[in-house]
Amino acid sequence: MREIVLINITGVDRPGLTAAITGVLAQGGVNILDIGQAVIHDTLSFGILVEIPGTEQGQSVLKDILFKGYELDQQVRFTPVSEEDYQQWVGNQGKKRHIVTLLTRKVTAGQLQAVSSITAKYGLNIDHIDRLSGRMPLDTPADKGKGCIEFSVRGEAADPQALRAEFLSVAQELNVDIAFQEDSLFRRNRRLAVFDMDSTLIEAEVIDELAKAAGVGDKVSEITERAMAGELDFRASFKERLALLKGLDVGVLDSIGASLRLTEGAETLFAELKRLGYKTAILSGGFTYFAKQLQAKLGIDYVFANELEVIDGKVTGVAVEPIVDAQRKADLLKELAHKEGLRLEQTIAVGDGANDLPMLAIAGLGVAFRAKPLVKQSAKQAISTLGLDGVLYLLGFRDRDGQL
């Protein structure tokens, strides 16, 4: 009579161990129903679910595994599984899967407890837990650390909206980011990434920097803040701010461009996206003059931004149509996807302001980056803790996969 048995083997990892164990199973004519192996700090955890035939060789296989484990200095545990339990397990394989990604400067037990408690509360079962970030030295400064833990979960969330809301609340409380996304075939098959520029790719709002040079910095920055928070219409506020720049000498543009700093992780992100075959684009309510500089620096494929009209060496303060506003960004994302022969599910959009929300909503992966509260709450995903290269973790990218 056949048996179904779960074999768990733990001990110090060593070359050839898996071959030795499966060699014993092969001699007993065993069928493999499931298998998994992980090594943490040179310690092996090896699980294998087997169907043992009712033959003479099969009946002795567990004893032989026990002897082999002793010989290899491994602990071996056997758990019988009924056919009824096995069939129920097989029947669960059609359930939806999701990925929960924890992003933090330093991973703590409290963070893992919070994430796992919420998933359990909403009826999701954790199948796998993986560390995507690299190994961190113990003395890494608090603001330089980079940690990412990925949970693969199975099941239907009892209340998806409440689940996301609770993740967001806990993320704010613990100063971490928690992403929740469906584990679909598109997750690792995205090929177009579009980005806002100001306060996303660079650590500034260029129009505010121009306003400082024009002597109207406080007035313009206040309007910018309200527009990015969604309190003002972007088109109207853009025209109002631009009008205040009338008469600004074009000579200040070069110095402002030279002073702009890339956001943390931007160079890493674009280098890896390029290596992975992605097309990239800037879709910005800022100005083409500065976006072109970023294009050259980061190797970006497309740039769509607003023209800064200059006549006789002076900024005119007049907005040039079409203005790249919220709807224009969403339309451009659709156009680029169509041009590249991609579905919207294969696109990524990243931005920080309210005028980015339409493109974040239609992208396969929409990420609010260091965004205002309204934008974080409305976007599918948000990253505020790590740098821009944290987007790679949401794609399942591991630090060891990189070439930087």
# chains A, B, ... in the order shown; residues from 1 in each chain; ligands from 1
$ residues_around --residues "Ser133 (chain A)" --least-positions-apart "2" --cutoff "10 Å" --atoms "only C-alpha atoms" --output "compact mmCIF listing (two decimals) with N, CA and C atoms, in the first residue's frame"
# COMPACT_ATOMS: atom_id res chain seq x y z
N LEU A 103 9.35 47.08 2.57
CA LEU A 103 10.53 47.90 2.28
C LEU A 103 10.87 48.71 3.52
N ASP A 130 10.94 35.49 1.33
CA ASP A 130 12.28 35.61 0.75
C ASP A 130 12.86 37.00 1.05
N ARG A 131 14.15 37.05 1.25
CA ARG A 131 14.85 38.33 1.38
C ARG A 131 15.39 38.72 0.02
N ARG A 135 22.91 41.35 1.95
CA ARG A 135 23.33 41.24 3.34
C ARG A 135 23.89 42.58 3.81
N MET A 136 23.44 43.02 4.99
CA MET A 136 23.84 44.33 5.49
C MET A 136 24.81 44.18 6.66
N GLY A 145 20.75 52.02 5.30
CA GLY A 145 20.34 50.62 5.17
C GLY A 145 19.30 50.44 4.08
N LYS A 146 19.15 49.21 3.63
CA LYS A 146 18.18 48.91 2.58
C LYS A 146 17.73 47.47 2.77
N GLY A 147 16.49 47.30 3.24
CA GLY A 147 15.98 45.96 3.49
C GLY A 147 14.68 45.71 2.75
N CYS A 148 14.54 44.50 2.23
CA CYS A 148 13.30 44.13 1.54
C CYS A 148 13.00 42.67 1.79
N ILE A 149 11.81 42.40 2.30
CA ILE A 149 11.33 41.04 2.51
C ILE A 149 10.07 40.85 1.66
N GLU A 150 10.05 39.76 0.90
CA GLU A 150 8.90 39.47 0.03
C GLU A 150 8.14 38.25 0.56
N GLY A 390 14.06 51.25 -5.08
CA GLY A 390 13.12 50.36 -4.39
C GLY A 390 12.06 49.82 -5.33
N TYR A 393 12.46 46.19 -6.32
CA TYR A 393 11.98 45.15 -5.41
C TYR A 393 10.53 44.78 -5.72
N PHE A 397 12.94 41.89 -8.10
CA PHE A 397 14.37 41.98 -8.37
C PHE A 397 15.14 41.83 -7.06
N ARG A 398 16.19 41.01 -7.07
CA ARG A 398 17.06 40.85 -5.90
C ARG A 398 18.33 41.65 -6.08
N ASP A 399 18.90 42.11 -4.98
CA ASP A 399 20.14 42.86 -5.07
C ASP A 399 21.23 42.06 -5.78
N ARG A 400 21.26 40.76 -5.53
CA ARG A 400 22.30 39.95 -6.15
C ARG A 400 22.09 39.76 -7.65
$ residues_around --residues "region 374-385 of chain A" --least-positions-apart "4" --cutoff "10 Å" --atoms "only C-alpha atoms" --output "ChimeraX atom specification"
/A:103-105,143,146,164-165,168-169,171-172,175-181,228-231,350-370,389-391,394
$ write_last_selection --atoms "C-alpha atoms" --output "CSV table (one decimal), in the first residue's frame"
chain,number,residue,atom,x,y,z
A,103,LEU,CA,10.5,47.9,2.3
A,104,THR,CA,12.5,49.3,5.2
A,105,ARG,CA,15.9,50.7,6.2
A,143,ASP,CA,19.7,56.2,6.9
A,146,LYS,CA,18.2,48.9,2.6
A,164,ARG,CA,-4.7,47.9,1.9
A,165,ALA,CA,-5.9,50.5,4.3
A,168,LEU,CA,-1.0,51.8,4.8
A,169,SER,CA,-1.8,52.6,8.4
A,171,ALA,CA,3.4,51.4,7.3
A,172,GLN,CA,3.0,55.0,8.5
A,175,ASN,CA,8.0,54.1,9.0
A,176,VAL,CA,8.1,51.3,6.4
A,177,ASP,CA,6.5,50.7,3.0
A,178,ILE,CA,4.2,47.7,2.4
A,179,ALA,CA,3.2,46.9,-1.1
A,180,PHE,CA,0.4,44.4,-2.0
A,181,GLN,CA,0.0,43.3,-5.6
A,228,MET,CA,1.0,68.8,-5.8
A,229,ALA,CA,-1.2,68.1,-2.8
A,230,GLY,CA,-4.3,68.2,-5.1
A,231,GLU,CA,-5.7,71.4,-3.7
A,350,VAL,CA,6.2,56.6,-10.8
A,351,GLY,CA,5.3,60.1,-9.5
A,352,ASP,CA,4.8,62.2,-6.4
A,353,GLY,CA,2.0,64.7,-7.1
A,354,ALA,CA,-1.7,64.8,-7.6
A,355,ASN,CA,-1.2,65.4,-11.3
A,356,ASP,CA,0.5,62.0,-11.5
A,357,LEU,CA,-2.6,60.0,-10.2
A,358,PRO,CA,-4.3,59.4,-13.5
A,359,MET,CA,-1.1,57.7,-15.0
A,360,LEU,CA,-0.5,55.8,-11.8
A,361,ALA,CA,-4.0,54.5,-11.9
A,362,ILE,CA,-3.8,53.0,-15.4
A,363,ALA,CA,-0.3,51.6,-15.2
A,364,GLY,CA,0.2,48.0,-14.4
A,365,LEU,CA,2.4,49.1,-11.5
A,366,GLY,CA,1.7,52.6,-10.2
A,367,VAL,CA,4.0,53.9,-7.5
A,368,ALA,CA,3.6,57.0,-5.5
A,369,PHE,CA,7.2,58.0,-4.6
A,370,ARG,CA,7.8,60.1,-1.5
A,389,ASP,CA,15.6,51.8,-6.8
A,390,GLY,CA,13.1,50.4,-4.4
A,391,VAL,CA,10.9,50.0,-7.5
A,394,LEU,CA,8.3,45.5,-6.5
$ select_by_dssp --residues "region 131-344 of chain A" --states "strand (DSSP E or B)" --output "CSV table (one decimal) with all heavy atoms, in the first residue's frame"
chain,number,residue,atom,x,y,z
A,131,ARG,N,14.1,37.1,1.2
A,131,ARG,CA,14.9,38.3,1.4
A,131,ARG,C,15.4,38.7,0.0
A,131,ARG,O,16.2,38.0,-0.6
A,131,ARG,CB,16.0,38.2,2.4
A,131,ARG,CG,16.9,39.4,2.5
A,131,ARG,CD,18.0,39.3,3.6
A,131,ARG,NE,18.7,38.1,3.4
A,131,ARG,CZ,19.8,37.9,2.6
A,131,ARG,NH1,20.2,39.0,1.9
A,131,ARG,NH2,20.5,36.8,2.6
A,147,GLY,N,16.5,47.3,3.2
A,147,GLY,CA,16.0,46.0,3.5
A,147,GLY,C,14.7,45.7,2.7
A,147,GLY,O,13.8,46.6,2.6
A,148,CYS,N,14.5,44.5,2.2
A,148,CYS,CA,13.3,44.1,1.5
A,148,CYS,C,13.0,42.7,1.8
A,148,CYS,O,13.8,41.8,1.5
A,148,CYS,CB,13.4,44.4,0.0
A,148,CYS,SG,11.9,43.8,-0.9
A,149,ILE,N,11.8,42.4,2.3
A,149,ILE,CA,11.3,41.0,2.5
A,149,ILE,C,10.1,40.9,1.7
A,149,ILE,O,9.2,41.7,1.7
A,149,ILE,CB,11.0,40.8,4.0
A,149,ILE,CG1,12.2,41.0,4.9
A,149,ILE,CG2,10.5,39.3,4.2
A,149,ILE,CD1,13.4,40.1,4.6
A,150,GLU,N,10.0,39.8,0.9
A,150,GLU,CA,8.9,39.5,0.0
A,150,GLU,C,8.1,38.3,0.6
A,150,GLU,O,8.7,37.2,0.8
A,150,GLU,CB,9.4,39.2,-1.4
A,150,GLU,CG,8.3,38.9,-2.4
A,150,GLU,CD,8.8,38.6,-3.8
A,150,GLU,OE1,9.0,39.6,-4.5
A,150,GLU,OE2,9.0,37.4,-4.1
A,151,PHE,N,6.8,38.4,0.7
A,151,PHE,CA,5.9,37.3,1.1
A,151,PHE,C,5.1,36.9,-0.1
A,151,PHE,O,4.4,37.7,-0.7
A,151,PHE,CB,5.0,37.8,2.2
A,151,PHE,CG,5.7,38.3,3.5
A,151,PHE,CD1,6.2,39.6,3.5
A,151,PHE,CD2,5.7,37.6,4.6
A,151,PHE,CE1,6.8,40.1,4.6
A,151,PHE,CE2,6.3,38.1,5.8
A,151,PHE,CZ,6.9,39.3,5.8
A,152,SER,N,5.1,35.6,-0.3
A,152,SER,CA,4.2,35.1,-1.3
A,152,SER,C,3.0,34.5,-0.6
A,152,SER,O,3.1,33.6,0.2
A,152,SER,CB,4.8,34.0,-2.2
A,152,SER,OG,3.9,33.4,-3.1
A,153,VAL,N,1.8,35.1,-0.8
A,153,VAL,CA,0.6,34.7,-0.1
A,153,VAL,C,-0.5,34.1,-1.0
A,153,VAL,O,-0.5,34.5,-2.2
A,153,VAL,CB,0.0,35.8,0.8
A,153,VAL,CG1,1.1,36.3,1.7
A,153,VAL,CG2,-0.5,37.0,-0.1
A,154,ARG,N,-1.3,33.2,-0.4
A,154,ARG,CA,-2.3,32.5,-1.2
A,154,ARG,C,-3.7,32.8,-0.6
A,154,ARG,O,-3.8,32.8,0.6
A,154,ARG,CB,-2.0,31.0,-1.3
A,154,ARG,CG,-3.0,30.2,-1.9
A,154,ARG,CD,-2.5,28.7,-2.1
A,154,ARG,NE,-1.6,28.3,-1.1
A,154,ARG,CZ,-2.0,27.7,0.1
A,154,ARG,NH1,-3.3,27.6,0.3
A,154,ARG,NH2,-1.1,27.3,0.9
A,177,ASP,N,7.4,50.8,4.1
A,177,ASP,CA,6.5,50.7,3.0
A,177,ASP,C,6.0,49.2,2.9
A,177,ASP,O,6.8,48.3,3.0
A,177,ASP,CB,7.1,51.1,1.7
A,177,ASP,CG,7.5,52.6,1.8
A,177,ASP,OD1,6.7,53.4,2.1
A,177,ASP,OD2,8.7,52.9,1.4
A,178,ILE,N,4.7,49.0,2.6
A,178,ILE,CA,4.2,47.7,2.4
A,178,ILE,C,3.4,47.7,1.1
A,178,ILE,O,2.4,48.4,1.0
A,178,ILE,CB,3.3,47.3,3.6
A,178,ILE,CG1,4.0,47.4,4.9
A,178,ILE,CG2,2.8,45.9,3.3
A,178,ILE,CD1,3.2,47.1,6.1
A,179,ALA,N,3.9,47.0,0.1
A,179,ALA,CA,3.2,46.9,-1.1
A,179,ALA,C,2.4,45.6,-1.2
A,179,ALA,O,2.8,44.5,-0.7
A,179,ALA,CB,4.2,46.9,-2.3
A,180,PHE,N,1.2,45.6,-1.8
A,180,PHE,CA,0.4,44.4,-2.0
A,180,PHE,C,-0.1,44.4,-3.4
A,180,PHE,O,-0.7,45.3,-3.9
A,180,PHE,CB,-0.8,44.5,-1.1
A,180,PHE,CG,-1.8,43.4,-1.2
A,180,PHE,CD1,-1.4,42.1,-0.7
A,180,PHE,CD2,-3.0,43.5,-1.8
A,180,PHE,CE1,-2.3,41.1,-0.7
A,180,PHE,CE2,-3.9,42.5,-1.8
A,180,PHE,CZ,-3.6,41.2,-1.3
A,181,GLN,N,0.3,43.4,-4.2
A,181,GLN,CA,0.0,43.3,-5.6
A,181,GLN,C,-0.3,41.8,-6.0
A,181,GLN,O,0.3,40.9,-5.4
A,181,GLN,CB,1.1,43.9,-6.5
A,181,GLN,CG,2.5,43.2,-6.2
A,181,GLN,CD,3.6,43.9,-7.1
A,181,GLN,OE1,3.4,44.1,-8.2
A,181,GLN,NE2,4.7,44.1,-6.5
A,182,GLU,N,-1.1,41.7,-7.0
A,182,GLU,CA,-1.4,40.3,-7.5
A,182,GLU,C,-0.2,39.7,-8.2
A,182,GLU,O,0.6,40.4,-8.9
A,182,GLU,CB,-2.5,40.4,-8.5
A,182,GLU,CG,-3.0,39.0,-9.0
A,182,GLU,CD,-4.2,39.1,-10.0
A,182,GLU,OE1,-4.8,40.2,-10.1
A,182,GLU,OE2,-4.5,38.1,-10.6
A,192,LEU,N,7.9,48.9,-19.9
A,192,LEU,CA,7.9,50.3,-20.1
A,192,LEU,C,7.8,51.0,-18.8
A,192,LEU,O,6.8,50.6,-18.0
A,192,LEU,CB,6.8,50.8,-21.0
A,192,LEU,CG,6.5,52.3,-21.2
A,192,LEU,CD1,7.7,53.0,-21.8
A,192,LEU,CD2,5.2,52.5,-21.9
A,193,ALA,N,8.7,51.9,-18.4
A,193,ALA,CA,8.6,52.6,-17.1
A,193,ALA,C,8.6,54.1,-17.4
A,193,ALA,O,9.5,54.6,-18.1
A,193,ALA,CB,9.7,52.2,-16.2
A,194,VAL,N,7.6,54.8,-16.9
A,194,VAL,CA,7.5,56.3,-17.1
A,194,VAL,C,7.6,57.0,-15.7
A,194,VAL,O,7.1,56.5,-14.7
A,194,VAL,CB,6.2,56.7,-17.9
A,194,VAL,CG1,6.2,56.0,-19.2
A,194,VAL,CG2,5.0,56.4,-17.0
A,195,PHE,N,8.2,58.2,-15.7
A,195,PHE,CA,8.5,58.9,-14.5
A,195,PHE,C,8.1,60.4,-14.6
A,195,PHE,O,8.4,61.0,-15.6
A,195,PHE,CB,9.9,58.8,-14.1
A,195,PHE,CG,10.4,57.4,-13.9
A,195,PHE,CD1,10.8,56.6,-15.0
A,195,PHE,CD2,10.5,56.8,-12.7
A,195,PHE,CE1,11.2,55.3,-14.9
A,195,PHE,CE2,11.0,55.5,-12.5
A,195,PHE,CZ,11.3,54.7,-13.6
A,198,ASP,N,10.1,66.3,-11.5
A,198,ASP,CA,10.4,67.1,-10.3
A,198,ASP,C,9.9,66.4,-9.0
A,198,ASP,O,8.8,65.9,-8.9
A,198,ASP,CB,9.6,68.4,-10.4
A,198,ASP,CG,10.1,69.3,-11.6
A,198,ASP,OD1,10.4,68.7,-12.6
A,198,ASP,OD2,10.3,70.5,-11.4
A,202,ILE,N,14.4,64.0,-9.5
A,202,ILE,CA,15.3,65.0,-8.9
A,202,ILE,C,14.7,65.5,-7.6
A,202,ILE,O,13.5,65.4,-7.4
A,202,ILE,CB,15.6,66.2,-9.9
A,202,ILE,CG1,14.3,66.9,-10.3
A,202,ILE,CG2,16.4,65.8,-11.1
A,202,ILE,CD1,14.4,68.1,-11.1
A,249,ASP,N,16.0,86.1,-16.7
A,249,ASP,CA,17.1,86.0,-17.7
A,249,ASP,C,17.4,84.5,-17.9
A,249,ASP,O,17.6,83.7,-17.0
A,249,ASP,CB,18.3,86.7,-17.2
A,249,ASP,CG,19.4,86.9,-18.3
A,249,ASP,OD1,20.0,85.8,-18.7
A,249,ASP,OD2,19.6,88.0,-18.7
A,262,LEU,N,20.1,64.3,-8.4
A,262,LEU,CA,19.3,63.1,-8.7
A,262,LEU,C,18.8,62.5,-7.4
A,262,LEU,O,19.4,62.6,-6.3
A,262,LEU,CB,20.1,62.1,-9.4
A,262,LEU,CG,20.4,62.3,-10.9
A,262,LEU,CD1,21.4,61.2,-11.4
A,262,LEU,CD2,19.2,62.3,-11.7
A,279,LYS,N,12.0,50.1,-21.9
A,279,LYS,CA,12.0,51.5,-22.4
A,279,LYS,C,11.6,52.4,-21.3
A,279,LYS,O,10.7,52.1,-20.4
A,279,LYS,CB,10.9,51.6,-23.6
A,279,LYS,CG,11.3,50.8,-24.8
A,279,LYS,CD,12.5,51.4,-25.5
A,279,LYS,CE,12.8,50.7,-26.8
A,279,LYS,NZ,14.0,51.3,-27.5
A,280,THR,N,12.2,53.6,-21.3
A,280,THR,CA,11.9,54.5,-20.2
A,280,THR,C,11.5,55.9,-20.7
A,280,THR,O,11.8,56.3,-21.8
A,280,THR,CB,13.1,54.7,-19.3
A,280,THR,OG1,14.2,55.1,-20.1
A,280,THR,CG2,13.4,53.4,-18.6
A,281,ALA,N,10.7,56.7,-19.9
A,281,ALA,CA,10.3,58.0,-20.4
A,281,ALA,C,10.1,58.9,-19.2
A,281,ALA,O,9.8,58.5,-18.1
A,281,ALA,CB,8.9,57.8,-21.1
A,282,ILE,N,10.3,60.2,-19.4
A,282,ILE,CA,9.9,61.2,-18.5
A,282,ILE,C,8.6,61.8,-19.0
A,282,ILE,O,8.5,62.3,-20.2
A,282,ILE,CB,11.0,62.3,-18.5
A,282,ILE,CG1,12.3,61.8,-17.8
A,282,ILE,CG2,10.5,63.6,-17.7
A,282,ILE,CD1,13.4,62.8,-17.8
A,283,LEU,N,7.6,61.9,-18.2
A,283,LEU,CA,6.3,62.5,-18.4
A,283,LEU,C,6.2,63.6,-17.3
A,283,LEU,O,5.8,63.3,-16.2
A,283,LEU,CB,5.2,61.5,-18.4
A,283,LEU,CG,5.3,60.3,-19.3
A,283,LEU,CD1,4.0,59.5,-19.2
A,283,LEU,CD2,5.6,60.7,-20.7
A,284,SER,N,6.5,64.8,-17.6
A,284,SER,CA,6.7,65.8,-16.6
A,284,SER,C,5.9,67.1,-16.9
A,284,SER,O,5.8,67.6,-18.0
A,284,SER,CB,8.2,66.2,-16.4
A,284,SER,OG,8.4,67.2,-15.5
A,285,GLY,N,5.4,67.6,-15.8
A,285,GLY,CA,4.8,68.9,-15.8
A,285,GLY,C,5.8,70.0,-15.7
A,285,GLY,O,5.5,71.2,-15.6
A,286,GLY,N,7.1,69.6,-15.6
A,286,GLY,CA,8.2,70.6,-15.5
A,286,GLY,C,8.6,71.0,-16.9
A,286,GLY,O,7.8,71.0,-17.8
A,287,PHE,N,9.9,71.3,-17.1
A,287,PHE,CA,10.3,71.8,-18.4
A,287,PHE,C,11.3,71.0,-19.1
A,287,PHE,O,12.2,70.3,-18.6
A,287,PHE,CB,11.0,73.2,-18.1
A,287,PHE,CG,10.0,74.2,-17.4
A,287,PHE,CD1,10.2,74.5,-16.1
A,287,PHE,CD2,9.0,74.7,-18.2
A,287,PHE,CE1,9.3,75.4,-15.5
A,287,PHE,CE2,8.1,75.6,-17.6
A,287,PHE,CZ,8.3,75.9,-16.2
A,302,TYR,N,12.4,58.5,-23.9
A,302,TYR,CA,11.5,59.5,-24.4
A,302,TYR,C,11.4,60.6,-23.3
A,302,TYR,O,11.5,60.3,-22.1
A,302,TYR,CB,10.1,58.9,-24.5
A,302,TYR,CG,10.0,57.7,-25.5
A,302,TYR,CD1,9.9,56.4,-25.0
A,302,TYR,CD2,9.9,58.0,-26.9
A,302,TYR,CE1,9.8,55.3,-25.9
A,302,TYR,CE2,9.8,56.9,-27.8
A,302,TYR,CZ,9.7,55.6,-27.3
A,302,TYR,OH,9.6,54.6,-28.2
A,303,VAL,N,11.1,61.8,-23.8
A,303,VAL,CA,10.9,62.9,-22.9
A,303,VAL,C,9.7,63.7,-23.4
A,303,VAL,O,9.6,64.1,-24.6
A,303,VAL,CB,12.1,63.9,-22.9
A,303,VAL,CG1,11.8,65.2,-22.2
A,303,VAL,CG2,13.3,63.2,-22.1
A,304,PHE,N,8.8,63.9,-22.5
A,304,PHE,CA,7.6,64.8,-22.7
A,304,PHE,C,7.5,65.7,-21.6
A,304,PHE,O,7.2,65.3,-20.4
A,304,PHE,CB,6.3,64.0,-22.9
A,304,PHE,CG,6.3,63.1,-24.1
A,304,PHE,CD1,6.8,61.8,-24.0
A,304,PHE,CD2,5.9,63.5,-25.4
A,304,PHE,CE1,6.8,60.9,-25.1
A,304,PHE,CE2,5.9,62.7,-26.5
A,304,PHE,CZ,6.4,61.4,-26.4
A,305,ALA,N,7.6,67.0,-21.8
A,305,ALA,CA,7.5,68.0,-20.7
A,305,ALA,C,7.1,69.3,-21.3
A,305,ALA,O,6.8,69.4,-22.5
A,305,ALA,CB,8.9,68.2,-20.0
A,306,ASN,N,7.0,70.4,-20.5
A,306,ASN,CA,6.5,71.7,-21.0
A,306,ASN,C,7.7,72.5,-21.5
A,306,ASN,O,8.8,72.5,-21.0
A,306,ASN,CB,5.8,72.4,-19.9
A,306,ASN,CG,4.5,71.7,-19.5
A,306,ASN,OD1,3.7,71.4,-20.3
A,306,ASN,ND2,4.4,71.4,-18.2
A,308,LEU,N,9.7,75.9,-22.1
A,308,LEU,CA,9.9,77.2,-21.4
A,308,LEU,C,10.1,78.3,-22.5
A,308,LEU,O,11.2,78.3,-23.0
A,308,LEU,CB,11.0,77.1,-20.4
A,308,LEU,CG,11.3,78.3,-19.5
A,308,LEU,CD1,10.0,78.5,-18.6
A,308,LEU,CD2,12.5,78.1,-18.6
A,309,GLU,N,9.1,79.0,-22.8
A,309,GLU,CA,9.3,80.0,-23.9
A,309,GLU,C,10.2,81.1,-23.6
A,309,GLU,O,10.1,81.8,-22.5
A,309,GLU,CB,7.9,80.6,-24.3
A,309,GLU,CG,8.0,81.4,-25.6
A,309,GLU,CD,6.6,81.9,-25.9
A,309,GLU,OE1,6.1,82.8,-25.2
A,309,GLU,OE2,6.0,81.5,-27.0
A,310,VAL,N,11.2,81.4,-24.4
A,310,VAL,CA,12.2,82.4,-24.2
A,310,VAL,C,12.3,83.3,-25.5
A,310,VAL,O,12.4,82.8,-26.6
A,310,VAL,CB,13.6,81.8,-23.9
A,310,VAL,CG1,14.6,82.9,-23.8
A,310,VAL,CG2,13.6,81.0,-22.7
A,311,ILE,N,12.2,84.6,-25.3
A,311,ILE,CA,12.3,85.6,-26.4
A,311,ILE,C,13.3,86.7,-26.0
A,311,ILE,O,13.2,87.2,-24.9
A,311,ILE,CB,11.0,86.2,-26.8
A,311,ILE,CG1,10.0,85.1,-27.3
A,311,ILE,CG2,11.2,87.3,-27.9
A,311,ILE,CD1,8.6,85.7,-27.7
A,314,LYS,N,14.9,86.3,-22.5
A,314,LYS,CA,14.0,86.4,-21.4
A,314,LYS,C,12.9,85.5,-21.4
A,314,LYS,O,12.3,85.2,-22.5
A,314,LYS,CB,13.5,87.9,-21.2
A,314,LYS,CG,14.5,89.0,-21.2
A,314,LYS,CD,15.3,89.0,-19.9
A,314,LYS,CE,16.3,90.1,-19.9
A,314,LYS,NZ,17.1,90.2,-18.7
A,315,VAL,N,12.5,84.9,-20.3
A,315,VAL,CA,11.4,84.0,-20.1
A,315,VAL,C,10.1,84.9,-20.3
A,315,VAL,O,10.0,85.9,-19.7
A,315,VAL,CB,11.3,83.3,-18.8
A,315,VAL,CG1,10.0,82.5,-18.6
A,315,VAL,CG2,12.5,82.4,-18.6
A,316,THR,N,9.2,84.4,-21.2
A,316,THR,CA,8.0,85.2,-21.5
A,316,THR,C,6.9,85.1,-20.4
A,316,THR,O,6.1,85.9,-20.3
A,316,THR,CB,7.4,84.8,-22.9
A,316,THR,OG1,6.9,83.5,-22.8
A,316,THR,CG2,8.5,84.9,-24.0
A,317,GLY,N,6.9,83.9,-19.7
A,317,GLY,CA,5.9,83.7,-18.7
A,317,GLY,C,4.6,83.2,-19.4
A,317,GLY,O,3.6,83.0,-18.7
A,318,VAL,N,4.6,82.9,-20.7
A,318,VAL,CA,3.5,82.4,-21.4
A,318,VAL,C,3.6,80.8,-21.5
A,318,VAL,O,4.6,80.3,-22.0
A,318,VAL,CB,3.3,83.0,-22.8
A,318,VAL,CG1,2.2,82.4,-23.6
A,318,VAL,CG2,3.2,84.5,-22.6
A,319,ALA,N,2.5,80.1,-21.2
A,319,ALA,CA,2.5,78.7,-21.3
A,319,ALA,C,2.3,78.2,-22.7
A,319,ALA,O,1.5,78.8,-23.5
A,319,ALA,CB,1.3,78.1,-20.4
$ residues_around --residues "Tyr86 (chain A)" --least-positions-apart "6" --cutoff "12 Å" --atoms "only C-alpha atoms" --output "PyMOL selection string"
chain A and resi 3-6+33-34+49-51+80+92-93
$ select_by_dssp --residues "region 95-213 of chain A" --states "helix (DSSP H, G or I)" --output "PyMOL selection string"
chain A and resi 109-121+160-174+206-213
$ write_last_selection --atoms "C-alpha atoms" --output "PDB file, in the first residue's frame"
ATOM      1  CA  ALA A 109      10.794  41.358  14.088  1.00  0.00           C
ATOM      2  CA  GLY A 110       8.035  43.865  14.852  1.00  0.00           C
ATOM      3  CA  GLN A 111       7.662  44.729  11.164  1.00  0.00           C
ATOM      4  CA  LEU A 112       7.401  41.057  10.170  1.00  0.00           C
ATOM      5  CA  GLN A 113       4.914  40.415  12.955  1.00  0.00           C
ATOM      6  CA  ALA A 114       2.734  43.289  11.757  1.00  0.00           C
ATOM      7  CA  VAL A 115       2.722  42.148   8.110  1.00  0.00           C
ATOM      8  CA  SER A 116       2.095  38.476   8.907  1.00  0.00           C
ATOM      9  CA  SER A 117      -0.662  39.321  11.403  1.00  0.00           C
ATOM     10  CA  ILE A 118      -2.538  41.435   8.861  1.00  0.00           C
ATOM     11  CA  THR A 119      -2.281  38.782   6.131  1.00  0.00           C
ATOM     12  CA  ALA A 120      -3.654  36.167   8.532  1.00  0.00           C
ATOM     13  CA  LYS A 121      -6.438  38.503   9.694  1.00  0.00           C
ATOM     14  CA  PRO A 160      -9.123  43.943  -0.079  1.00  0.00           C
ATOM     15  CA  GLN A 161      -9.791  47.656   0.525  1.00  0.00           C
ATOM     16  CA  ALA A 162      -9.642  47.248   4.294  1.00  0.00           C
ATOM     17  CA  LEU A 163      -6.479  45.155   3.909  1.00  0.00           C
ATOM     18  CA  ARG A 164      -4.746  47.889   1.896  1.00  0.00           C
ATOM     19  CA  ALA A 165      -5.909  50.546   4.349  1.00  0.00           C
ATOM     20  CA  GLU A 166      -4.495  48.579   7.275  1.00  0.00           C
ATOM     21  CA  PHE A 167      -1.201  48.015   5.477  1.00  0.00           C
ATOM     22  CA  LEU A 168      -0.971  51.779   4.817  1.00  0.00           C
ATOM     23  CA  SER A 169      -1.765  52.612   8.441  1.00  0.00           C
ATOM     24  CA  VAL A 170       0.831  50.192   9.818  1.00  0.00           C
ATOM     25  CA  ALA A 171       3.401  51.368   7.255  1.00  0.00           C
ATOM     26  CA  GLN A 172       3.030  54.955   8.472  1.00  0.00           C
ATOM     27  CA  GLU A 173       3.176  53.877  12.104  1.00  0.00           C
ATOM     28  CA  LEU A 174       6.356  51.806  11.636  1.00  0.00           C
ATOM     29  CA  VAL A 206      12.448  73.236 -10.902  1.00  0.00           C
ATOM     30  CA  ILE A 207       9.787  75.911 -11.203  1.00  0.00           C
ATOM     31  CA  ASP A 208      10.426  76.773  -7.546  1.00  0.00           C
ATOM     32  CA  GLU A 209      14.154  77.103  -8.256  1.00  0.00           C
ATOM     33  CA  LEU A 210      13.424  79.371 -11.215  1.00  0.00           C
ATOM     34  CA  ALA A 211      11.122  81.436  -9.006  1.00  0.00           C
ATOM     35  CA  LYS A 212      13.866  81.940  -6.431  1.00  0.00           C
ATOM     36  CA  ALA A 213      16.106  83.318  -9.176  1.00  0.00           C
TER      37      ALA A 213
END
